[in-house]
$ cat entry05.pdb   # PDB, C-alpha atoms and all ligand atoms
ATOM      1  CA  MET A   1       0.000   0.000   0.000  1.00  0.00           C
ATOM      2  CA  THR A   2       1.339   3.296  -0.954  1.00  0.00           C
ATOM      3  CA  TRP A   3       1.122   6.448   1.047  1.00  0.00           C
ATOM      4  CA  ALA A   4      -0.790   8.049  -1.755  1.00  0.00           C
ATOM      5  CA  ALA A   5      -3.491   5.389  -1.552  1.00  0.00           C
ATOM      6  CA  ARG A   6      -3.606   5.720   2.232  1.00  0.00           C
ATOM      7  CA  ASP A   7      -3.958   9.438   1.955  1.00  0.00           C
ATOM      8  CA  ALA A   8      -6.720   8.939  -0.608  1.00  0.00           C
ATOM      9  CA  GLY A   9      -8.808   7.198   2.092  1.00  0.00           C
ATOM     10  CA  ALA A  10      -8.403   3.602   0.986  1.00  0.00           C
ATOM     11  CA  ASP A  11      -8.725   0.957   3.702  1.00  0.00           C
ATOM     12  CA  PRO A  12      -5.257  -0.425   4.429  1.00  0.00           C
ATOM     13  CA  TRP A  13      -6.721  -3.772   5.567  1.00  0.00           C
ATOM     14  CA  SER A  14      -8.950  -4.294   2.580  1.00  0.00           C
ATOM     15  CA  ILE A  15      -8.424  -7.531   0.706  1.00  0.00           C
ATOM     16  CA  ALA A  16      -9.907  -9.234  -2.286  1.00  0.00           C
ATOM     17  CA  CYS A  17     -12.402 -12.053  -1.816  1.00  0.00           C
ATOM     18  CA  PRO A  18     -10.676 -15.391  -2.404  1.00  0.00           C
ATOM     19  CA  ARG A  19     -13.691 -16.682  -4.292  1.00  0.00           C
ATOM     20  CA  CYS A  20     -15.109 -13.853  -6.351  1.00  0.00           C
ATOM     21  CA  GLY A  21     -12.456 -11.174  -6.071  1.00  0.00           C
ATOM     22  CA  ALA A  22     -14.725  -8.477  -4.638  1.00  0.00           C
ATOM     23  CA  THR A  23     -13.047  -5.901  -2.443  1.00  0.00           C
ATOM     24  CA  LEU A  24     -13.634  -6.525   1.253  1.00  0.00           C
ATOM     25  CA  ALA A  25     -13.294  -3.837   3.901  1.00  0.00           C
ATOM     26  CA  GLY A  26     -10.820  -4.247   6.729  1.00  0.00           C
ATOM     27  CA  ASP A  27     -13.455  -5.209   9.262  1.00  0.00           C
ATOM     28  CA  GLN A  28     -15.353  -7.501   6.949  1.00  0.00           C
ATOM     29  CA  ASP A  29     -15.020 -11.223   7.672  1.00  0.00           C
ATOM     30  CA  TRP A  30     -17.461 -12.491   5.050  1.00  0.00           C
ATOM     31  CA  CYS A  31     -17.883 -11.500   1.435  1.00  0.00           C
ATOM     32  CA  MET A  32     -21.123  -9.651   0.884  1.00  0.00           C
ATOM     33  CA  SER A  33     -21.158 -10.644  -2.785  1.00  0.00           C
ATOM     34  CA  CYS A  34     -20.737 -14.404  -2.649  1.00  0.00           C
ATOM     35  CA  GLY A  35     -20.868 -15.237   1.055  1.00  0.00           C
ATOM     36  CA  ALA A  36     -17.447 -16.805   1.190  1.00  0.00           C
ATOM     37  CA  PRO A  37     -15.450 -16.527   4.397  1.00  0.00           C
ATOM     38  CA  ALA A  38     -12.708 -13.999   3.761  1.00  0.00           C
ATOM     39  CA  ARG A  39     -10.825 -14.039   7.051  1.00  0.00           C
ATOM     40  CA  THR A  40     -12.672 -16.859   8.754  1.00  0.00           C
ATOM     41  CA  VAL A  41     -11.398 -20.399   8.657  1.00  0.00           C
ATOM     42  CA  ILE A  42     -14.106 -22.995   9.034  1.00  0.00           C
ATOM     43  CA  ALA A  43     -12.694 -25.946  10.927  1.00  0.00           C
ATOM     44  CA  PRO A  44     -13.696 -29.377   9.665  1.00  0.00           C
ATOM     45  CA  THR A  45     -15.898 -31.418  11.918  1.00  0.00           C
ATOM     46  CA  PRO A  46     -13.807 -33.944  13.811  1.00  0.00           C
ATOM     47  CA  ARG A  47     -14.813 -37.589  13.817  1.00  0.00           C
ATOM     48  CA  TRP A  48     -17.824 -37.210  11.554  1.00  0.00           C
ATOM     49  CA  ARG A  49     -17.528 -40.737  10.206  1.00  0.00           C
ATOM     50  CA  ARG A  50     -18.493 -42.533  13.416  1.00  0.00           C
ATOM     51  CA  PRO A  51     -21.978 -41.009  13.700  1.00  0.00           C
ATOM     52  CA  VAL A  52     -22.567 -41.564   9.994  1.00  0.00           C
ATOM     53  CA  VAL A  53     -21.537 -45.220  10.270  1.00  0.00           C
ATOM     54  CA  ALA A  54     -23.686 -45.643  13.387  1.00  0.00           C
ATOM     55  CA  LEU A  55     -26.704 -44.111  11.647  1.00  0.00           C
ATOM     56  CA  ALA A  56     -26.152 -46.270   8.576  1.00  0.00           C
ATOM     57  CA  ALA A  57     -25.963 -49.402  10.744  1.00  0.00           C
ATOM     58  CA  LEU A  58     -29.111 -48.373  12.583  1.00  0.00           C
ATOM     59  CA  ALA A  59     -30.909 -47.750   9.311  1.00  0.00           C
ATOM     60  CA  LEU A  60     -29.771 -51.168   8.041  1.00  0.00           C
ATOM     61  CA  VAL A  61     -31.094 -52.905  11.161  1.00  0.00           C
ATOM     62  CA  ALA A  62     -34.362 -51.002  10.898  1.00  0.00           C
ATOM     63  CA  LEU A  63     -34.758 -51.968   7.243  1.00  0.00           C
ATOM     64  CA  GLY A  64     -34.025 -55.598   8.101  1.00  0.00           C
ATOM     65  CA  GLY A  65     -36.674 -55.565  10.804  1.00  0.00           C
ATOM     66  CA  LEU A  66     -39.108 -53.927   8.447  1.00  0.00           C
ATOM     67  CA  ALA A  67     -38.456 -56.553   5.779  1.00  0.00           C
ATOM     68  CA  ALA A  68     -38.862 -59.377   8.319  1.00  0.00           C
ATOM     69  CA  ALA A  69     -42.132 -57.895   9.548  1.00  0.00           C
ATOM     70  CA  PHE A  70     -43.359 -57.507   5.987  1.00  0.00           C
ATOM     71  CA  VAL A  71     -42.542 -61.113   5.183  1.00  0.00           C
ATOM     72  CA  ALA A  72     -44.165 -62.328   8.413  1.00  0.00           C
ATOM     73  CA  LEU A  73     -47.326 -60.333   7.807  1.00  0.00           C
ATOM     74  CA  THR A  74     -47.724 -61.192   4.162  1.00  0.00           C
ATOM     75  CA  ALA A  75     -46.918 -64.912   4.400  1.00  0.00           C
ATOM     76  CA  ASP A  76     -49.586 -66.941   2.672  1.00  0.00           C
ATOM     77  CA  ASP A  77     -51.344 -69.828   4.341  1.00  0.00           C
ATOM     78  CA  PRO A  78     -49.827 -73.231   3.650  1.00  0.00           C
ATOM     79  CA  THR A  79     -51.087 -74.827   0.482  1.00  0.00           C
ATOM     80  CA  PRO A  80     -53.936 -77.248   1.144  1.00  0.00           C
ATOM     81  CA  ALA A  81     -53.358 -80.946   0.610  1.00  0.00           C
ATOM     82  CA  ARG A  82     -54.288 -82.150  -2.812  1.00  0.00           C
ATOM     83  CA  THR A  83     -57.142 -84.513  -3.257  1.00  0.00           C
ATOM     84  CA  LEU A  84     -56.615 -87.115  -5.919  1.00  0.00           C
ATOM     85  CA  THR A  85     -59.750 -88.298  -7.579  1.00  0.00           C
ATOM     86  CA  ARG A  86     -59.581 -91.388  -9.726  1.00  0.00           C
ATOM     87  CA  THR A  87     -62.552 -92.831 -11.497  1.00  0.00           C
ATOM     88  CA  THR A  88     -62.554 -96.549 -11.958  1.00  0.00           C
ATOM     89  CA  THR A  89     -65.389 -98.498 -13.328  1.00  0.00           C
ATOM     90  CA  LEU A  90     -65.719-101.876 -11.709  1.00  0.00           C
ATOM     91  CA  ALA A  91     -67.354-104.820 -13.237  1.00  0.00           C
ATOM     92  CA  PRO A  92     -70.626-105.793 -11.667  1.00  0.00           C
ATOM     93  CA  GLY A  93     -70.145-108.039  -8.654  1.00  0.00           C
ATOM     94  CA  VAL A  94     -66.503-107.007  -8.032  1.00  0.00           C
ATOM     95  CA  ALA A  95     -65.895-105.528  -4.613  1.00  0.00           C
ATOM     96  CA  PRO A  96     -63.875-102.296  -4.486  1.00  0.00           C
ATOM     97  CA  PRO A  97     -60.524-102.341  -2.684  1.00  0.00           C
ATOM     98  CA  PRO A  98     -60.601-101.345   0.959  1.00  0.00           C
ATOM     99  CA  GLY A  99     -60.449 -97.607   1.624  1.00  0.00           C
ATOM    100  CA  VAL A 100     -62.043 -96.640  -1.657  1.00  0.00           C
ATOM    101  CA  LYS A 101     -65.162 -94.561  -1.559  1.00  0.00           C
ATOM    102  CA  THR A 102     -67.768 -95.813  -3.958  1.00  0.00           C
ATOM    103  CA  VAL A 103     -70.275 -93.684  -5.709  1.00  0.00           C
ATOM    104  CA  THR A 104     -73.003 -95.583  -7.403  1.00  0.00           C
ATOM    105  CA  ASP A 105     -74.843 -92.664  -8.960  1.00  0.00           C
ATOM    106  CA  PRO A 106     -72.621 -89.618  -9.488  1.00  0.00           C
ATOM    107  CA  THR A 107     -75.548 -87.343 -10.230  1.00  0.00           C
ATOM    108  CA  THR A 108     -77.153 -87.865  -6.800  1.00  0.00           C
ATOM    109  CA  ALA A 109     -74.067 -88.411  -4.694  1.00  0.00           C
ATOM    110  CA  PRO A 110     -73.399 -85.786  -2.021  1.00  0.00           C
ATOM    111  CA  VAL A 111     -70.572 -83.427  -2.707  1.00  0.00           C
ATOM    112  CA  PRO A 112     -67.762 -84.078  -0.224  1.00  0.00           C
TER     113      PRO A 112
HETATM  114 ZN    ZN A 201     -16.827 -13.138  -2.669  1.00  0.00          ZN
END
$ encode --input "entry05.pdb" --output "structure tokens"
Amino acid sequence: MTWAARDAGADPWSIACPRCGATLAGDQDWCMSCGAPARTVIAPTPRWRRPVVALAALALVALGGLAAAFVALTADDPTPARTLTRTTTLAPGVAPPPGVKTVTDPTTAPVP
């Protein structure tokens, strides 16, 4: 800074914005044009990974529980046992094998 500039009334502590290049006054910590910190150093957050990992693990457990609950609530009933129906015509006078249900007149037989 020259004496001529100081005598002209220029701020000796003025600097240029590191982002946009606008002139900042000596007592100005933030750029009024772009909002960048001119004389302020923003410290990084220490140990930010642990909370993020913990939240991700918690979200994973919650999603697992949600999926298990969904599967438990939407499980279908077990499939019913199949009934095999076989039609065999026996000759008159032949006895059917034991355990076989006989229907003499299918049109009037009760529906099981
Ligand atoms: Zn700026």
$ residues_near_ligand --input "entry05.pdb" --ligand "ligand ZN 201 (chain A)" --cutoff "6 Å" --atoms "all atoms listed in the file" --output "MDAnalysis selection string"
chainID A and resid 17 19:22 31 33:36
$ closest_residue --input "entry05.pdb" --among "A:Thr102, A:Pro18, A:Asp27, A:Ala68" --to "Thr88 (chain A)" --atoms "only C-alpha atoms"
A:Thr102
$ atom_distance --input "entry05.pdb" --atom1 "CA of Leu24 (chain A)" --atom2 "CA of Thr40 (chain A)"
12.8 Å
$ atom_distance --input "entry05.pdb" --atom1 "CA of Ala38 (chain A)" --atom2 "CA of Trp13 (chain A)"
12.0 Å
$ atom_distance --input "entry05.pdb" --atom1 "CA of Met32 (chain A)" --atom2 "CA of Pro46 (chain A)"
28.5 Å
$ axis_aligned_box --input "entry05.pdb" --around "region 54-63 of chain A" --padding-each-side "8 Å" --output "lines of an AutoDock Vina configuration file"
center_x = -29.2
center_y = -48.5
center_z = 10.3
size_x = 27.1
size_y = 24.8
size_z = 22.1
$ resolve_selection --input "entry05.pdb" --expression "the PyMOL selection byres (((chain A and resi 14) around 8) and not hetatm)" --output "compact mmCIF listing (two decimals) with C-alpha atoms, in the coordinates of the input"
# COMPACT_ATOMS: atom_id res chain seq x y z
CA ASP A 11 -8.72 0.96 3.70
CA PRO A 12 -5.26 -0.42 4.43
CA TRP A 13 -6.72 -3.77 5.57
CA ILE A 15 -8.42 -7.53 0.71
CA ALA A 16 -9.91 -9.23 -2.29
CA THR A 23 -13.05 -5.90 -2.44
CA LEU A 24 -13.63 -6.52 1.25
CA ALA A 25 -13.29 -3.84 3.90
CA GLY A 26 -10.82 -4.25 6.73
$ resolve_selection --input "entry05.pdb" --expression "the PyMOL selection byres (((chain A and resi 29) around 6) and not hetatm)" --output "list in words"
Gln28, Trp30, Ala38 and Arg39 of chain A
